[in-house]
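Novice: Just one file: run-v5.csv, with CSV, N, CA and C atoms.
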```csv
chain,number,residue,atom,x,y,z
E,1,MET,N,7.6,-3.2,-3.4
E,1,MET,CA,6.5,-4.1,-3.6
E,1,MET,C,6.7,-4.7,-5.0
E,2,ILE,N,7.1,-4.0,-6.0
E,2,ILE,CA,7.2,-4.5,-7.3
E,2,ILE,C,8.2,-5.7,-7.4
E,3,SER,N,9.3,-5.6,-6.8
E,3,SER,CA,10.3,-6.7,-6.9
E,3,SER,C,9.8,-7.9,-6.2
E,4,GLN,N,9.1,-7.7,-5.0
E,4,GLN,CA,8.5,-8.8,-4.3
E,4,GLN,C,7.4,-9.4,-5.1
E,5,TRP,N,6.6,-8.6,-5.8
E,5,TRP,CA,5.5,-9.1,-6.6
E,5,TRP,C,6.1,-10.0,-7.7
E,6,GLN,N,7.2,-9.5,-8.4
E,6,GLN,CA,7.8,-10.3,-9.5
E,6,GLN,C,8.3,-11.7,-9.0
E,7,ASN,N,8.8,-11.7,-7.7
E,7,ASN,CA,9.3,-13.0,-7.2
E,7,ASN,C,8.2,-14.0,-7.1
E,8,HIS,N,6.9,-13.6,-6.9
E,8,HIS,CA,5.8,-14.5,-6.6
E,8,HIS,C,4.8,-14.6,-7.7
E,9,LYS,N,4.9,-13.7,-8.7
E,9,LYS,CA,3.8,-13.6,-9.7
E,9,LYS,C,3.7,-15.0,-10.5
E,10,ALA,N,4.8,-15.6,-10.8
E,10,ALA,CA,4.7,-16.8,-11.6
E,10,ALA,C,4.0,-17.9,-10.9
E,11,GLN,N,4.3,-18.0,-9.6
E,11,GLN,CA,3.6,-19.1,-8.8
E,11,GLN,C,2.1,-18.8,-8.7
E,12,LEU,N,1.8,-17.5,-8.4
E,12,LEU,CA,0.4,-17.1,-8.4
E,12,LEU,C,-0.3,-17.4,-9.7
E,13,ARG,N,0.4,-17.1,-10.8
E,13,ARG,CA,-0.2,-17.3,-12.1
E,13,ARG,C,-0.5,-18.8,-12.3
E,14,ARG,N,0.4,-19.7,-11.9
E,14,ARG,CA,0.1,-21.1,-12.0
E,14,ARG,C,-1.0,-21.5,-11.1
E,15,TYR,N,-1.1,-21.0,-9.9
E,15,TYR,CA,-2.2,-21.3,-9.0
E,15,TYR,C,-3.5,-20.9,-9.6
E,16,VAL,N,-3.6,-19.7,-10.1
E,16,VAL,CA,-4.9,-19.2,-10.6
E,16,VAL,C,-5.2,-20.0,-11.9
E,17,SER,N,-4.2,-20.2,-12.7
E,17,SER,CA,-4.4,-20.9,-14.0
E,17,SER,C,-5.0,-22.3,-13.9
E,18,LYS,N,-4.7,-22.9,-12.7
E,18,LYS,CA,-5.2,-24.3,-12.5
E,18,LYS,C,-6.7,-24.2,-12.2
E,19,ARG,N,-7.2,-23.1,-11.8
E,19,ARG,CA,-8.6,-22.9,-11.5
E,19,ARG,C,-9.4,-22.2,-12.5
E,20,VAL,N,-8.7,-21.4,-13.4
E,20,VAL,CA,-9.4,-20.6,-14.4
E,20,VAL,C,-8.8,-20.9,-15.8
E,21,ASP,N,-9.7,-21.2,-16.7
E,21,ASP,CA,-9.2,-21.6,-18.1
E,21,ASP,C,-8.9,-20.4,-19.0
E,22,ASP,N,-9.5,-19.3,-18.7
E,22,ASP,CA,-9.4,-18.1,-19.6
E,22,ASP,C,-8.1,-17.3,-19.2
E,23,ALA,N,-7.2,-17.2,-20.1
E,23,ALA,CA,-5.9,-16.5,-19.8
E,23,ALA,C,-6.1,-15.0,-19.5
E,24,ASN,N,-7.1,-14.4,-20.2
E,24,ASN,CA,-7.4,-13.0,-19.9
E,24,ASN,C,-8.0,-12.8,-18.5
E,25,ALA,N,-8.8,-13.8,-18.0
E,25,ALA,CA,-9.3,-13.7,-16.7
E,25,ALA,C,-8.2,-13.9,-15.7
E,26,VAL,N,-7.3,-14.8,-16.0
E,26,VAL,CA,-6.1,-15.0,-15.1
E,26,VAL,C,-5.4,-13.7,-14.9
E,27,ASP,N,-5.1,-13.0,-16.0
E,27,ASP,CA,-4.4,-11.7,-15.9
E,27,ASP,C,-5.2,-10.7,-15.1
E,28,ASP,N,-6.5,-10.7,-15.3
E,28,ASP,CA,-7.4,-9.8,-14.5
E,28,ASP,C,-7.3,-10.1,-13.0
E,29,ILE,N,-7.4,-11.3,-12.7
E,29,ILE,CA,-7.3,-11.8,-11.3
E,29,ILE,C,-6.0,-11.3,-10.7
E,30,LEU,N,-4.9,-11.6,-11.4
E,30,LEU,CA,-3.6,-11.2,-10.9
E,30,LEU,C,-3.5,-9.7,-10.7
E,31,GLN,N,-4.0,-8.9,-11.6
E,31,GLN,CA,-4.0,-7.5,-11.5
E,31,GLN,C,-4.8,-7.1,-10.2
E,32,ASP,N,-6.0,-7.7,-10.0
E,32,ASP,CA,-6.8,-7.4,-8.8
E,32,ASP,C,-6.0,-7.7,-7.5
E,33,VAL,N,-5.3,-8.9,-7.5
E,33,VAL,CA,-4.5,-9.3,-6.4
E,33,VAL,C,-3.4,-8.2,-6.1
E,34,TYR,N,-2.7,-7.8,-7.2
E,34,TYR,CA,-1.6,-6.8,-7.0
E,34,TYR,C,-2.2,-5.5,-6.4
E,35,ILE,N,-3.3,-5.1,-6.9
E,35,ILE,CA,-3.9,-3.8,-6.5
E,35,ILE,C,-4.2,-3.9,-5.0
E,36,LYS,N,-4.9,-5.0,-4.7
E,36,LYS,CA,-5.3,-5.2,-3.3
E,36,LYS,C,-4.1,-5.3,-2.3
E,37,ALA,N,-3.1,-6.1,-2.8
E,37,ALA,CA,-1.9,-6.2,-2.0
E,37,ALA,C,-1.2,-4.9,-1.8
E,38,SER,N,-1.1,-4.1,-2.8
E,38,SER,CA,-0.5,-2.8,-2.7
E,38,SER,C,-1.2,-1.9,-1.7
E,39,VAL,N,-2.5,-1.9,-1.8
E,39,VAL,CA,-3.3,-1.0,-0.9
E,39,VAL,C,-3.2,-1.5,0.5
E,40,ASN,N,-3.1,-2.8,0.7
E,40,ASN,CA,-3.2,-3.4,2.1
E,40,ASN,C,-1.9,-3.9,2.6
E,41,LEU,N,-0.8,-3.5,1.9
E,41,LEU,CA,0.5,-4.0,2.3
E,41,LEU,C,0.8,-3.7,3.8
E,42,HIS,N,0.3,-2.7,4.3
E,42,HIS,CA,0.5,-2.3,5.7
E,42,HIS,C,0.0,-3.4,6.7
E,43,GLN,N,-0.9,-4.3,6.2
E,43,GLN,CA,-1.4,-5.4,7.1
E,43,GLN,C,-0.5,-6.5,7.2
E,44,LEU,N,0.5,-6.6,6.3
E,44,LEU,CA,1.5,-7.7,6.4
E,44,LEU,C,2.4,-7.6,7.6
E,45,THR,N,2.4,-8.6,8.4
E,45,THR,CA,3.2,-8.5,9.6
E,45,THR,C,4.6,-9.0,9.5
E,46,SER,N,4.9,-9.9,8.5
E,46,SER,CA,6.2,-10.4,8.3
E,46,SER,C,6.5,-10.5,6.8
E,47,LYS,N,7.7,-10.0,6.4
E,47,LYS,CA,8.0,-10.1,5.0
E,47,LYS,C,8.1,-11.6,4.5
E,48,GLY,N,8.4,-12.5,5.4
E,48,GLY,CA,8.5,-13.9,5.1
E,48,GLY,C,7.2,-14.5,4.7
E,49,SER,N,6.1,-13.9,5.2
E,49,SER,CA,4.8,-14.4,4.9
E,49,SER,C,4.1,-13.8,3.6
E,50,LEU,N,4.9,-13.0,2.9
E,50,LEU,CA,4.3,-12.4,1.7
E,50,LEU,C,3.7,-13.3,0.7
E,51,LYS,N,4.4,-14.4,0.5
E,51,LYS,CA,3.9,-15.4,-0.5
E,51,LYS,C,2.5,-16.0,-0.1
E,52,ALA,N,2.4,-16.4,1.2
E,52,ALA,CA,1.2,-16.9,1.7
E,52,ALA,C,0.1,-15.8,1.7
E,53,TRP,N,0.5,-14.6,2.0
E,53,TRP,CA,-0.5,-13.5,2.0
E,53,TRP,C,-1.0,-13.2,0.6
E,54,LEU,N,-0.1,-13.2,-0.4
E,54,LEU,CA,-0.6,-13.0,-1.7
E,54,LEU,C,-1.5,-14.1,-2.2
E,55,SER,N,-1.2,-15.3,-1.8
E,55,SER,CA,-2.0,-16.5,-2.2
E,55,SER,C,-3.4,-16.4,-1.6
E,56,LEU,N,-3.4,-15.9,-0.3
E,56,LEU,CA,-4.7,-15.7,0.3
E,56,LEU,C,-5.5,-14.6,-0.4
E,57,LYS,N,-4.8,-13.5,-0.8
E,57,LYS,CA,-5.5,-12.5,-1.6
E,57,LYS,C,-6.1,-13.1,-2.9
E,58,ALA,N,-5.3,-14.0,-3.5
E,58,ALA,CA,-5.7,-14.6,-4.8
E,58,ALA,C,-7.0,-15.4,-4.5
E,59,CYS,N,-6.9,-16.2,-3.5
E,59,CYS,CA,-8.1,-17.1,-3.1
E,59,CYS,C,-9.3,-16.3,-2.9
E,60,ARG,N,-9.2,-15.1,-2.3
E,60,ARG,CA,-10.3,-14.3,-2.0
E,60,ARG,C,-10.8,-13.4,-3.1
E,61,SER,N,-10.1,-13.5,-4.2
E,61,SER,CA,-10.5,-12.7,-5.4
E,61,SER,C,-11.9,-13.0,-5.8
E,62,LYS,N,-12.8,-12.0,-5.9
E,62,LYS,CA,-14.1,-12.3,-6.4
E,62,LYS,C,-14.2,-12.9,-7.7
E,63,ARG,N,-13.2,-12.6,-8.6
E,63,ARG,CA,-13.2,-13.2,-9.9
E,63,ARG,C,-12.9,-14.6,-9.9
E,64,LEU,N,-12.0,-15.0,-9.0
E,64,LEU,CA,-11.6,-16.5,-8.9
E,64,LEU,C,-12.8,-17.2,-8.3
E,65,LEU,N,-13.6,-16.6,-7.5
E,65,LEU,CA,-14.7,-17.3,-6.9
E,65,LEU,C,-15.8,-17.6,-8.0
E,66,ILE,N,-15.8,-16.8,-9.0
E,66,ILE,CA,-16.8,-16.9,-10.1
E,66,ILE,C,-16.5,-18.2,-10.9
E,67,TYR,N,-15.3,-18.5,-11.1
E,67,TYR,CA,-14.9,-19.7,-11.9
E,67,TYR,C,-14.9,-21.0,-11.2
```
Written as structure tokens, how would this file's structure read?
Specialist:
Amino acid sequence: MISQWQNHKAQLRRYVSKRVDDANAVDDILQDVYIKASVNLHQLTSKGSLKAWLSLKACRSKRLLIY
């Protein structure tokens, strides 16, 4: 999971940063997404869809919805 996360983390950071001005909040959101993704990795049906799945987790982050 860690190597896959590293492959997509920069793109997710850019995505979240466009919606949240606070760099600390961006880090918190990314951490939340990583934890949720790690816990729910078994729900992923195809490795090719990991990027979309992580983006969806980011969109659903309660912290992102606040901003």
Novice: Check the DSSP output for the backbone and give back, as an MDAnalysis selection string, the residues of region 5-46 of chain E in helix (DSSP H, G or I).
Specialist: chainID E and resid 5:17 23:39 41:43
Novice: Hey, can you check how far atom C of Asp32 (chain E) sits from atom C of Gln4 (chain E)?
Specialist: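 The value is 13.7 Å.
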Novice: Applying 8 Å and only N, CA and C atoms, which residues near Ser17 (chain E) remain after dropping the ones on its own chain fewer than 6 positions away? List them as a PyMOL selection string.
Specialist: chain E and resi 11+23+26-27
Novice: What is the atom N of Ser3 (chain E)-CA of Lys18 (chain E) distance in Å, reported with one decimal?
Specialist: 24.3 Å
Novice: Counting all atoms listed in the file, which of E:Asn7, E:Leu41, E:Val16, E:Ser49 gets nearest to Ile29 (chain E)?
Specialist: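 For Ile29 (chain E), the nearest of the candidates is E:Val16.
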Novice: How many Å lie between atom N of Ala10 (chain E) and atom C of Leu30 (chain E), rounded to one decimal?
Specialist: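 Computing it gives 10.2 Å between the two atoms.
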Novice: Hey, which of E:Lys36, E:Leu54, E:Gln31, E:Ala25 ends up closest to Leu12 (chain E)? Count only C-alpha atoms.
Specialist: E:Leu54
